[in-house]
Amino acid sequence: MPTPAAAAALDVHANARLTRGASLWRTATIESAGVPALTLADGPHGLRAQPDDTAPTDGLAGTPATCFPPAVALAASWNPALAERVGETIAREARAAGVHVVLGPGVNIKRSIRCGRNFEYFSEDPMLTGALGAAWVRGLQRHGVGASIKHFAANNQETDRFQVSAEVSERALREIYLRAFHHIVSTEQPWTVMCSYNRINGRKAAEHHWLLTEVLRDEWGFRGAVISDWGAVTDPVASVAAGVDLAMPGPAPEAADAVVDAVVDGTLSERVLTRAGKRIAELAERVDRSGGVTHAPDYAAHHELARAAAAASIVLLQNHRDVLPLDPGSGSIAVIGAFAETPRLQGAGSSGVTPTAVDTALTELIEQATGAQVRYAAGYSPETSSHPAVSSAAAEAADEAVRLAAASDSVLLFLGLPESAESEGFDRSDIELPAAQTHLLERIAGANPRTVVVLSHGSVVRMAGWAGLVPCILDASLLGQGGGWAIAQVVYGAVNPSGKLAETVPLRLEDTPDYLDFPGSDHRVRYGEDIFVGYRYYDQRALDVSFPFGHGLSYTSFAYSDLAVVVAGALLTVSVTVENTGARDGAETVQVYTGLANSRVARARRELRGFTTVELGAGASTRASITIPTEELAIWHEPAGRFIVEGGRYSVDVGASSRDIRAHAEVVVPGTRAEVPLSLDSTVDEWFSHPVAGPLVRAGFAAYGYPADSPVLAVALHMPLRGVLATPGVTAAALIPQLEQLAVLANSS
Ligand code: BGC
């Protein structure tokens with residue numbers, strides 16, 4: 001093949017071919033110009049590589065790879081360093097499999113608790129999502145494998161996902177839904193961004209010039225390639241014009257022909273096509289083809305990492321009477337529930353990994369016990385949702401479990417959502433555990449007061465109906481192939497749990513922010529809650545929740561003291577002393593939230609701005625320090641069309657969760673200027689608030705007899721200046737002598 005540099009001089013036909021996949025997982029080869037094919041494969045919690053690249057014969061199954069905890073679990077670790085190691089390890093396996101780009105991570109925000117694909121996304125919070133997603137991308141790309149952050153953008157539901165239009169304000173887009181993408185693009189330059197299927201405010205993401213070119217490239221400086229979600233491109237010419245560089249999958253020679261024709265007839269700019277082709281050629285040049293073959297991955301070591309990641313992702317939600325940890329050395333433990341024997345590792349759909357090994361909790365609980373007697377009863381069938389009495393076999397299985405519970409010192413009751421309840425492709429209509437399981441729980445809790453519920457699920461389930469019946473709840477979400485080992489480690493106290501919820505557990509579905517606006521109808525869904533997503537909403541409405549965002553207990557306890565907050569230049573530095581006040585070593589994730597009471601816009605009471613995890617031996621203490629660029633406090637200022645930091649006195653809340661605030665401070669942060677152009681239609685208030693024109697206008701009003709505190713002004717404050725000037729007897733010349741000059745001055749300052 002000629003040298004890759006020749007890729008720069010591709011003709012229209014070659015460029016058009018490059019903009020379309022050559023197969024399910026490969027891009028086109030342009031022999032004459034030395035452009036090799038790229039191989040892509042799904043992720044993001046492991047590799048789903050289908051090496052023969054034919055239409056899958058075995059459904060979605062790929063060749064075996066390490067199945068790490070999916071994003072729902074990894075997010076609960078609040079541990080970017082861990083996400084980075086997972087990314088790195090996936091890169092090793094990708095190189096060995098000859099995969100050049102891994103299709104992940106999924107960084108969509110969990111707008112709705114009902115989204116069927118929530119297991120593949122990190123959080124309801126964009127800051128946490130961005131931090132973890134960036135770390136994962138860093139790890140992956142450091143080893144010469146490209147990431148594809150997805151699904152860009154506002155792909156927050158599965159219902160009607162190919163067509164639905166997310167009707168969302170620019171402010172909510174910028175502050176919530178685009179934020180993690182922006183962070184990852186500007187810090188990591190992912191090799192690719194995958195555009196989503198849905199429409200945003202009426203326009204298909206794959207044809208959204210504003211999104212794919214003006215925002216992603218012109219504003220954020222993205223230098224990689226935009227690829228489409230599989231099948232998202234329906235009008236290849238419109239997609240190339242909007243900024244899609246590669247439509248997947250292929251082949252689709254007619255699409256390439258349409259692109260060539262459009263250049264010939266002038267409807268598509270050749271320059272735009274050349275740029276798209278060049279980006280794909282550059283991507284192909286970037287790939288290090290020396291990897292693989294020679295370096296067989298150490299799957300045993302990767303399994304150990306999957307175990308450690310799973311252990312770090314378990315959240316201890318409740319531990320009354322310190323029932324946990326259980327003593328592995330003595331007594332009897334009843335393990336009840338089919339998930340202990342047949343674990344759910346991950347969610348269903350394109351992200352499904354064929355694991356290299358699977359640890360089951362039951363086997364691990366038996367093997368890791370050093371003297372305790374561990375006995376098992378299935379209790380229910382995971383796919384059964386109805387009351388057990390419907391079949392005598394089910395009733396007998398439940399009775400047997402209750403007998404075992406009553407005869408044991410403690411119970412580990414494994415409950416969860418069956419795989420059929422949540423998947424890529426559809427959303428949930430309720431958030432309940434199957435009734436057969438909750439009925440069993442009631443009976444088991446009645447039979448044994450030391451019952452620990454261990455939950456397996458990819459999206460939040462309602463706990464309010466039953467959480468009060470048991471002393472302990474261990475949230476094991478979906479932990480990947482090492483989950484069974486990790487659960488046993490936490491149950492027996494070999495690992496002290498340190499996970500924190502990355503999403504709120506509400507009391508009921510009806511409390512959720514999108515309750516009235518999900519999943520929409522007639523191919524439209526209105527984001528009525530605007531920026532109030534997740535805890536931002538529950539806090540604003542002062543709603544009680546079962547477990548708040550950021551919550552997670554430990555077998556030890558932590559005290560916070562001596563909070564100091566300093567603003568220096570463009571940085572806000574928060575430091576606090578954290579002391580392990582219990583008898584065990586443990587880790588605590590310190591969370592920093594800010595708020596601004598007198599904001600000019602509706603603003604969440606608290607927003608996560610930073611976090612760090614400290615590991616402390618029993619009795620030890622340390623100073624935790626978190627640095628936050630003040631630009632992180634910015635809001636999207638719709639009239640100015642940009643982010644601004646409002647100047648003012650910010651509250652800084654430091655805590656163990658969004659509702660367990662242990663220390664509070666206030667700090668004045670200087671603002672960035674965002675003057676809106678003034679005109680006669682601007683209100684008196686807008687004129688008064690302007691830093692340049694304001695003092696002069698206020699002086700003019702005062703001289704005219706209306707000082708700032710006059711009751712007349714209170715009424716007129718929200719009137720356009722035009723209206724004030726139209727009041728009989730008032731003349732512009734008398735009220736604001738230099739009105740015209742002022743407007744010029746204000747608008748040019
Ligand atoms: C999914 C993507 C995935 C792609 C390829 C699509 O249906 O939305 O996340 O990467 O298929 O499997």
# chains A, B, ... in the order shown; residues from 1 in each chain; ligands from 1
>>> closest_atom_pairs(of="chain A", to="ligand 1", cutoff="10 Å", atoms="only C-alpha atoms and all ligand atoms", output="tab-separated table")
residue	atom	partner	partner_atom_place_in_ligand_line	distance
A:Leu24	CA	ligand 1	5 (C)	8.5
A:Trp25	CA	ligand 1	5 (C)	8.3
A:Leu40	CA	ligand 1	5 (C)	8.9
A:Ala41	CA	ligand 1	5 (C)	7.4
A:Asp42	CA	ligand 1	10 (O)	5.2
A:Gly43	CA	ligand 1	10 (O)	7.3
A:Pro44	CA	ligand 1	10 (O)	8.7
A:Arg48	CA	ligand 1	12 (O)	8.8
A:Ala49	CA	ligand 1	12 (O)	9.9
A:Leu60	CA	ligand 1	12 (O)	8.3
A:Val102	CA	ligand 1	10 (O)	8.5
A:Leu103	CA	ligand 1	10 (O)	5.2
A:Gly104	CA	ligand 1	10 (O)	7.2
A:Pro105	CA	ligand 1	9 (O)	9.0
A:Gly106	CA	ligand 1	9 (O)	7.5
A:Arg117	CA	ligand 1	8 (O)	9.5
A:Glu120	CA	ligand 1	9 (O)	9.0
A:Ser148	CA	ligand 1	10 (O)	8.6
A:Ile149	CA	ligand 1	9 (O)	9.5
A:Lys150	CA	ligand 1	9 (O)	7.0
A:His151	CA	ligand 1	9 (O)	6.9
A:Asn155	CA	ligand 1	8 (O)	9.3
A:Glu158	CA	ligand 1	8 (O)	9.3
A:Arg161	CA	ligand 1	8 (O)	9.0
A:Phe162	CA	ligand 1	8 (O)	9.6
A:Met194	CA	ligand 1	10 (O)	8.2
A:Cys195	CA	ligand 1	8 (O)	9.5
A:Ser196	CA	ligand 1	8 (O)	7.3
A:Tyr197	CA	ligand 1	8 (O)	7.7
A:Ser228	CA	ligand 1	4 (C)	8.9
A:Asp229	CA	ligand 1	6 (C)	5.6
A:Trp230	CA	ligand 1	11 (O)	4.9
A:Gly231	CA	ligand 1	7 (O)	7.7
A:Ala232	CA	ligand 1	6 (C)	8.7
A:Met248	CA	ligand 1	5 (C)	8.5
A:Pro249	CA	ligand 1	5 (C)	8.5
A:Gly349	CA	ligand 1	7 (O)	8.0
A:Ser350	CA	ligand 1	12 (O)	4.8
A:Ser351	CA	ligand 1	9 (O)	7.1
A:Gly352	CA	ligand 1	12 (O)	9.7
A:Glu424	CA	ligand 1	8 (O)	7.6
A:Gly425	CA	ligand 1	7 (O)	8.2
>>> residues_around(residues="Ala37 of chain A", least_positions_apart="2", cutoff="6 Å", atoms="only C-alpha atoms", output="list in words")
Thr27, Ala28 and Thr29 of chain A
>>> write_last_selection(atoms="N, CA, C and O atoms", output="CSV table (one decimal), in the first residue's frame")
chain,number,residue,atom,x,y,z
A,27,THR,N,-14.5,-0.1,8.9
A,27,THR,CA,-14.6,1.0,8.0
A,27,THR,C,-13.9,0.6,6.7
A,27,THR,O,-13.3,-0.5,6.6
A,28,ALA,N,-14.1,1.4,5.7
A,28,ALA,CA,-13.6,1.1,4.3
A,28,ALA,C,-12.1,1.1,4.2
A,28,ALA,O,-11.4,1.9,5.0
A,29,THR,N,-11.5,0.3,3.3
A,29,THR,CA,-10.1,0.4,3.0
A,29,THR,C,-10.0,1.1,1.7
A,29,THR,O,-10.7,0.8,0.8
>>> closest_residue(among="A:Ile644, A:Leu132, A:Val590, A:Leu211", to="Ser561 of chain A", atoms="only C-alpha atoms")
A:Val590
>>> select_by_dssp(residues="segment 501-739 of chain A", states="alpha helix (DSSP H)", output="ChimeraX atom specification")
/A:535-540,684-689,693-703,711-716,721-725,732-735,739
>>> closest_residue(among="A:Arg623, A:His718, A:Glu282, A:Gly337", to="Thr683 of chain A", atoms="only C-alpha atoms")
A:His718
>>> closest_residue(among="A:Leu509, A:Leu305, A:Ala71, A:Ala96", to="Trp136 of chain A", atoms="only C-alpha atoms")
A:Ala71
>>> select_by_dssp(residues="segment 214-378 of chain A", states="strand (DSSP E or B)", output="ChimeraX atom specification")
/A:225-228,246-247,315-319,332-336,348,355,373-377
>>> residues_around(residues="Glu422 of chain A", least_positions_apart="4", cutoff="9 Å", atoms="only C-alpha atoms", output="JSON, numbers by chain")
{"A": [114, 115, 116, 117, 118, 119, 347, 348, 417, 418, 426, 427, 428, 457, 458, 459]}
>>> write_last_selection(atoms="N, CA and C atoms", output="short mmCIF file (atom, residue, chain, number, x, y, z; two decimals), in the first residue's frame")
data_model
loop_
_atom_site.label_atom_id
_atom_site.label_comp_id
_atom_site.auth_asym_id
_atom_site.auth_seq_id
_atom_site.Cartn_x
_atom_site.Cartn_y
_atom_site.Cartn_z
N ARG A 114 -36.91 5.51 34.69
CA ARG A 114 -37.51 4.42 33.92
C ARG A 114 -36.71 4.04 32.68
N CYS A 115 -35.68 4.80 32.35
CA CYS A 115 -34.94 4.50 31.12
C CYS A 115 -34.37 3.08 31.20
N GLY A 116 -34.69 2.27 30.19
CA GLY A 116 -34.30 0.86 30.22
C GLY A 116 -32.80 0.64 30.11
N ARG A 117 -32.09 1.67 29.72
CA ARG A 117 -30.66 1.52 29.50
C ARG A 117 -29.83 2.23 30.57
N ASN A 118 -30.46 2.55 31.68
CA ASN A 118 -29.74 3.29 32.72
C ASN A 118 -28.51 2.54 33.22
N PHE A 119 -28.53 1.22 33.13
CA PHE A 119 -27.37 0.45 33.62
C PHE A 119 -26.10 0.79 32.86
N GLY A 347 -26.46 -5.55 31.95
CA GLY A 347 -27.76 -5.32 31.33
C GLY A 347 -27.81 -5.94 29.94
N ALA A 348 -29.02 -5.96 29.40
CA ALA A 348 -29.20 -6.62 28.11
C ALA A 348 -29.08 -5.63 26.95
N LEU A 417 -34.05 -7.23 39.89
CA LEU A 417 -34.84 -7.18 38.66
C LEU A 417 -34.38 -8.29 37.72
N PRO A 418 -35.32 -9.02 37.14
CA PRO A 418 -34.91 -10.00 36.13
C PRO A 418 -34.40 -9.27 34.89
N PHE A 426 -36.10 -0.83 25.33
CA PHE A 426 -37.39 -0.45 25.92
C PHE A 426 -37.18 0.12 27.32
N ASP A 427 -38.18 0.84 27.76
CA ASP A 427 -38.12 1.44 29.10
C ASP A 427 -39.00 0.67 30.06
N ARG A 428 -38.86 0.98 31.34
CA ARG A 428 -39.73 0.34 32.33
C ARG A 428 -40.99 1.17 32.52
N HIS A 457 -29.70 -5.11 40.25
CA HIS A 457 -30.60 -4.35 39.36
C HIS A 457 -29.76 -3.32 38.60
N GLY A 458 -30.22 -2.99 37.39
CA GLY A 458 -29.48 -2.01 36.60
C GLY A 458 -30.04 -0.62 36.71
N SER A 459 -31.29 -0.50 37.13
CA SER A 459 -31.85 0.82 37.36
C SER A 459 -32.60 0.79 38.68
#
>>> residues_around(residues="Leu268 of chain A", least_positions_apart="3", cutoff="9 Å", atoms="only C-alpha atoms", output="list in words")
Val237, Ala238, Val240, Ala241, Val259, Val260, Asp261, Ala262, Val263, Val264, Asp265, Arg271, Val272 and Leu273 of chain A
>>> write_last_selection(atoms="N, CA, C and O atoms", output="JSON list (two decimals), in the first residue's frame")
[["chain", "number", "residue", "atom", "x", "y", "z"],
["A", 237, "VAL", "N", -26.40, 12.43, 2.84],
["A", 237, "VAL", "CA", -25.89, 13.75, 2.43],
["A", 237, "VAL", "C", -26.10, 14.75, 3.57],
["A", 237, "VAL", "O", -25.18, 15.49, 3.95],
["A", 238, "ALA", "N", -27.30, 14.74, 4.13],
["A", 238, "ALA", "CA", -27.58, 15.68, 5.23],
["A", 238, "ALA", "C", -26.66, 15.40, 6.41],
["A", 238, "ALA", "O", -26.22, 16.33, 7.10],
["A", 240, "VAL", "N", -23.52, 14.07, 6.37],
["A", 240, "VAL", "CA", -22.15, 14.57, 6.11],
["A", 240, "VAL", "C", -22.15, 16.09, 6.25],
["A", 240, "VAL", "O", -21.26, 16.67, 6.88],
["A", 241, "ALA", "N", -23.17, 16.72, 5.71],
["A", 241, "ALA", "CA", -23.22, 18.19, 5.77],
["A", 241, "ALA", "C", -23.28, 18.68, 7.22],
["A", 241, "ALA", "O", -22.70, 19.71, 7.56],
["A", 259, "VAL", "N", -23.77, 10.58, -1.88],
["A", 259, "VAL", "CA", -22.86, 11.64, -1.41],
["A", 259, "VAL", "C", -22.06, 12.20, -2.59],
["A", 259, "VAL", "O", -21.91, 13.42, -2.74],
["A", 260, "VAL", "N", -21.57, 11.30, -3.46],
["A", 260, "VAL", "CA", -20.82, 11.77, -4.64],
["A", 260, "VAL", "C", -21.74, 12.64, -5.51],
["A", 260, "VAL", "O", -21.36, 13.75, -5.93],
["A", 261, "ASP", "N", -22.95, 12.17, -5.77],
["A", 261, "ASP", "CA", -23.88, 12.93, -6.60],
["A", 261, "ASP", "C", -24.14, 14.32, -6.02],
["A", 261, "ASP", "O", -24.22, 15.31, -6.75],
["A", 262, "ALA", "N", -24.26, 14.36, -4.68],
["A", 262, "ALA", "CA", -24.55, 15.65, -4.05],
["A", 262, "ALA", "C", -23.39, 16.62, -4.24],
["A", 262, "ALA", "O", -23.60, 17.83, -4.40],
["A", 263, "VAL", "N", -22.17, 16.09, -4.23],
["A", 263, "VAL", "CA", -21.02, 16.98, -4.47],
["A", 263, "VAL", "C", -21.06, 17.45, -5.92],
["A", 263, "VAL", "O", -20.86, 18.64, -6.22],
["A", 264, "VAL", "N", -21.36, 16.50, -6.82],
["A", 264, "VAL", "CA", -21.38, 16.84, -8.24],
["A", 264, "VAL", "C", -22.45, 17.89, -8.54],
["A", 264, "VAL", "O", -22.20, 18.88, -9.24],
["A", 265, "ASP", "N", -23.62, 17.71, -7.94],
["A", 265, "ASP", "CA", -24.67, 18.70, -8.26],
["A", 265, "ASP", "C", -24.64, 19.92, -7.34],
["A", 265, "ASP", "O", -25.51, 20.77, -7.40],
["A", 271, "ARG", "N", -15.60, 20.47, 0.09],
["A", 271, "ARG", "CA", -14.69, 20.72, 1.21],
["A", 271, "ARG", "C", -15.16, 19.97, 2.47],
["A", 271, "ARG", "O", -14.38, 19.36, 3.19],
["A", 272, "VAL", "N", -16.48, 19.98, 2.69],
["A", 272, "VAL", "CA", -17.03, 19.30, 3.86],
["A", 272, "VAL", "C", -16.80, 17.78, 3.75],
["A", 272, "VAL", "O", -16.39, 17.12, 4.70],
["A", 273, "LEU", "N", -17.03, 17.24, 2.56],
["A", 273, "LEU", "CA", -16.82, 15.80, 2.35],
["A", 273, "LEU", "C", -15.33, 15.44, 2.52],
["A", 273, "LEU", "O", -14.98, 14.45, 3.16]]
>>> closest_atom_pairs(of="segment 536-646 of chain A", to="segment 476-495 of chain A", cutoff="10 Å", atoms="only C-alpha atoms", output="CSV")
residue,atom,partner,partner_atom,distance
A:Ser554,CA,A:Val495,CA,9.9
A:Tyr555,CA,A:Gly493,CA,8.0
A:Arg584,CA,A:Gly493,CA,9.6
A:Asp585,CA,A:Val495,CA,9.4
A:Gly586,CA,A:Val495,CA,8.6
>>> decode(residues="segment 310-433 of chain A", atoms="C-alpha atoms", output="compact mmCIF listing (two decimals), in the first residue's frame")
# COMPACT_ATOMS: atom_id res chain seq x y z
CA ALA A 310 -17.01 -4.76 41.89
CA ALA A 311 -16.08 -4.55 45.57
CA ALA A 312 -15.52 -0.80 45.26
CA SER A 313 -18.93 -0.39 43.61
CA ILE A 314 -21.11 -1.97 46.32
CA VAL A 315 -23.16 0.50 48.34
CA LEU A 316 -24.18 -0.21 51.91
CA LEU A 317 -27.52 1.54 52.01
CA GLN A 318 -28.67 0.56 55.47
CA ASN A 319 -27.07 -1.29 58.38
CA HIS A 320 -29.24 -1.07 61.48
CA ARG A 321 -27.91 -2.74 64.60
CA ASP A 322 -24.65 -3.32 62.71
CA VAL A 323 -25.92 -6.65 61.45
CA LEU A 324 -23.25 -6.49 58.78
CA PRO A 325 -20.56 -7.66 58.47
CA LEU A 326 -21.44 -11.27 59.19
CA ASP A 327 -18.97 -13.47 60.98
CA PRO A 328 -17.48 -15.90 58.47
CA GLY A 329 -16.14 -18.02 61.31
CA SER A 330 -19.24 -19.15 63.17
CA GLY A 331 -23.03 -19.40 63.19
CA SER A 332 -25.35 -20.20 60.34
CA ILE A 333 -26.19 -18.14 57.30
CA ALA A 334 -29.17 -18.70 55.02
CA VAL A 335 -28.49 -17.57 51.48
CA ILE A 336 -31.84 -17.11 49.77
CA GLY A 337 -32.66 -15.98 46.26
CA ALA A 338 -31.84 -17.19 42.79
CA PHE A 339 -29.51 -14.26 42.06
CA ALA A 340 -27.03 -15.73 44.56
CA GLU A 341 -26.66 -18.75 42.33
CA THR A 342 -27.36 -17.24 38.91
CA PRO A 343 -26.05 -13.71 39.08
CA ARG A 344 -27.04 -10.89 36.79
CA LEU A 345 -23.72 -9.52 35.63
CA GLN A 346 -24.88 -6.77 33.28
CA GLY A 347 -27.76 -5.32 31.33
CA ALA A 348 -29.20 -6.62 28.11
CA GLY A 349 -28.45 -5.31 24.63
CA SER A 350 -25.44 -4.23 22.62
CA SER A 351 -23.19 -3.83 25.66
CA GLY A 352 -23.46 -7.48 26.72
CA VAL A 353 -20.05 -9.06 27.29
CA THR A 354 -19.39 -12.81 27.19
CA PRO A 355 -17.45 -13.15 30.46
CA THR A 356 -14.18 -15.04 30.77
CA ALA A 357 -15.20 -16.35 34.20
CA VAL A 358 -18.04 -15.82 36.64
CA ASP A 359 -17.91 -15.70 40.42
CA THR A 360 -21.23 -16.56 42.00
CA ALA A 361 -22.06 -15.15 45.39
CA LEU A 362 -23.24 -18.51 46.72
CA THR A 363 -19.99 -20.30 45.90
CA GLU A 364 -17.93 -17.42 47.24
CA LEU A 365 -19.94 -17.14 50.44
CA ILE A 366 -19.34 -20.85 51.04
CA GLU A 367 -15.66 -20.73 50.10
CA GLN A 368 -14.85 -17.56 52.00
CA ALA A 369 -16.57 -18.78 55.18
CA THR A 370 -14.05 -20.02 57.71
CA GLY A 371 -16.45 -21.85 59.99
CA ALA A 372 -19.91 -20.42 59.41
CA GLN A 373 -22.46 -22.83 58.00
CA VAL A 374 -23.87 -21.51 54.71
CA ARG A 375 -27.06 -23.06 53.34
CA TYR A 376 -29.08 -22.09 50.27
CA ALA A 377 -32.68 -21.94 49.10
CA ALA A 378 -33.72 -20.36 45.79
CA GLY A 379 -37.00 -19.02 47.19
CA TYR A 380 -38.32 -17.73 43.87
CA SER A 381 -37.65 -17.84 40.18
CA PRO A 382 -36.13 -14.55 38.98
CA GLU A 383 -38.40 -14.31 35.96
CA THR A 384 -41.61 -14.78 38.00
CA SER A 385 -43.30 -11.55 38.89
CA SER A 386 -46.56 -12.70 40.45
CA HIS A 387 -47.42 -13.93 43.92
CA PRO A 388 -45.85 -17.36 44.65
CA ALA A 389 -49.21 -18.92 45.44
CA VAL A 390 -50.00 -19.11 41.72
CA SER A 391 -48.11 -22.38 41.46
CA SER A 392 -47.58 -25.01 44.09
CA ALA A 393 -43.92 -25.44 43.12
CA ALA A 394 -43.35 -21.71 43.62
CA ALA A 395 -45.20 -21.80 46.93
CA GLU A 396 -43.10 -24.75 48.09
CA ALA A 397 -39.87 -22.95 47.07
CA ALA A 398 -40.92 -19.92 49.11
CA ASP A 399 -41.93 -22.06 52.13
CA GLU A 400 -38.61 -23.86 52.06
CA ALA A 401 -36.77 -20.51 52.05
CA VAL A 402 -38.79 -19.24 55.00
CA ARG A 403 -38.05 -22.43 56.96
CA LEU A 404 -34.34 -22.04 56.24
CA ALA A 405 -34.44 -18.36 57.27
CA ALA A 406 -36.12 -19.22 60.56
CA ALA A 407 -33.54 -21.90 61.29
CA SER A 408 -30.48 -19.68 60.60
CA ASP A 409 -28.71 -16.98 62.58
CA SER A 410 -28.73 -14.52 59.69
CA VAL A 411 -30.16 -14.30 56.20
CA LEU A 412 -28.70 -12.95 52.99
CA LEU A 413 -31.73 -12.41 50.79
CA PHE A 414 -30.81 -11.81 47.14
CA LEU A 415 -33.50 -9.84 45.31
CA GLY A 416 -33.50 -7.95 42.07
CA LEU A 417 -34.84 -7.18 38.66
CA PRO A 418 -34.91 -10.00 36.13
CA GLU A 419 -33.05 -9.37 32.91
CA SER A 420 -36.37 -9.10 31.08
CA ALA A 421 -37.33 -6.06 33.18
CA GLU A 422 -34.70 -3.71 31.79
CA SER A 423 -32.83 -3.60 28.54
CA GLU A 424 -31.60 -1.52 25.68
CA GLY A 425 -34.60 -1.06 23.41
CA PHE A 426 -37.39 -0.45 25.92
CA ASP A 427 -38.12 1.44 29.10
CA ARG A 428 -39.73 0.34 32.33
CA SER A 429 -43.27 1.29 33.19
CA ASP A 430 -42.81 0.84 36.93
CA ILE A 431 -39.96 0.71 39.40
CA GLU A 432 -41.12 -2.18 41.56
CA LEU A 433 -39.34 -5.37 42.41
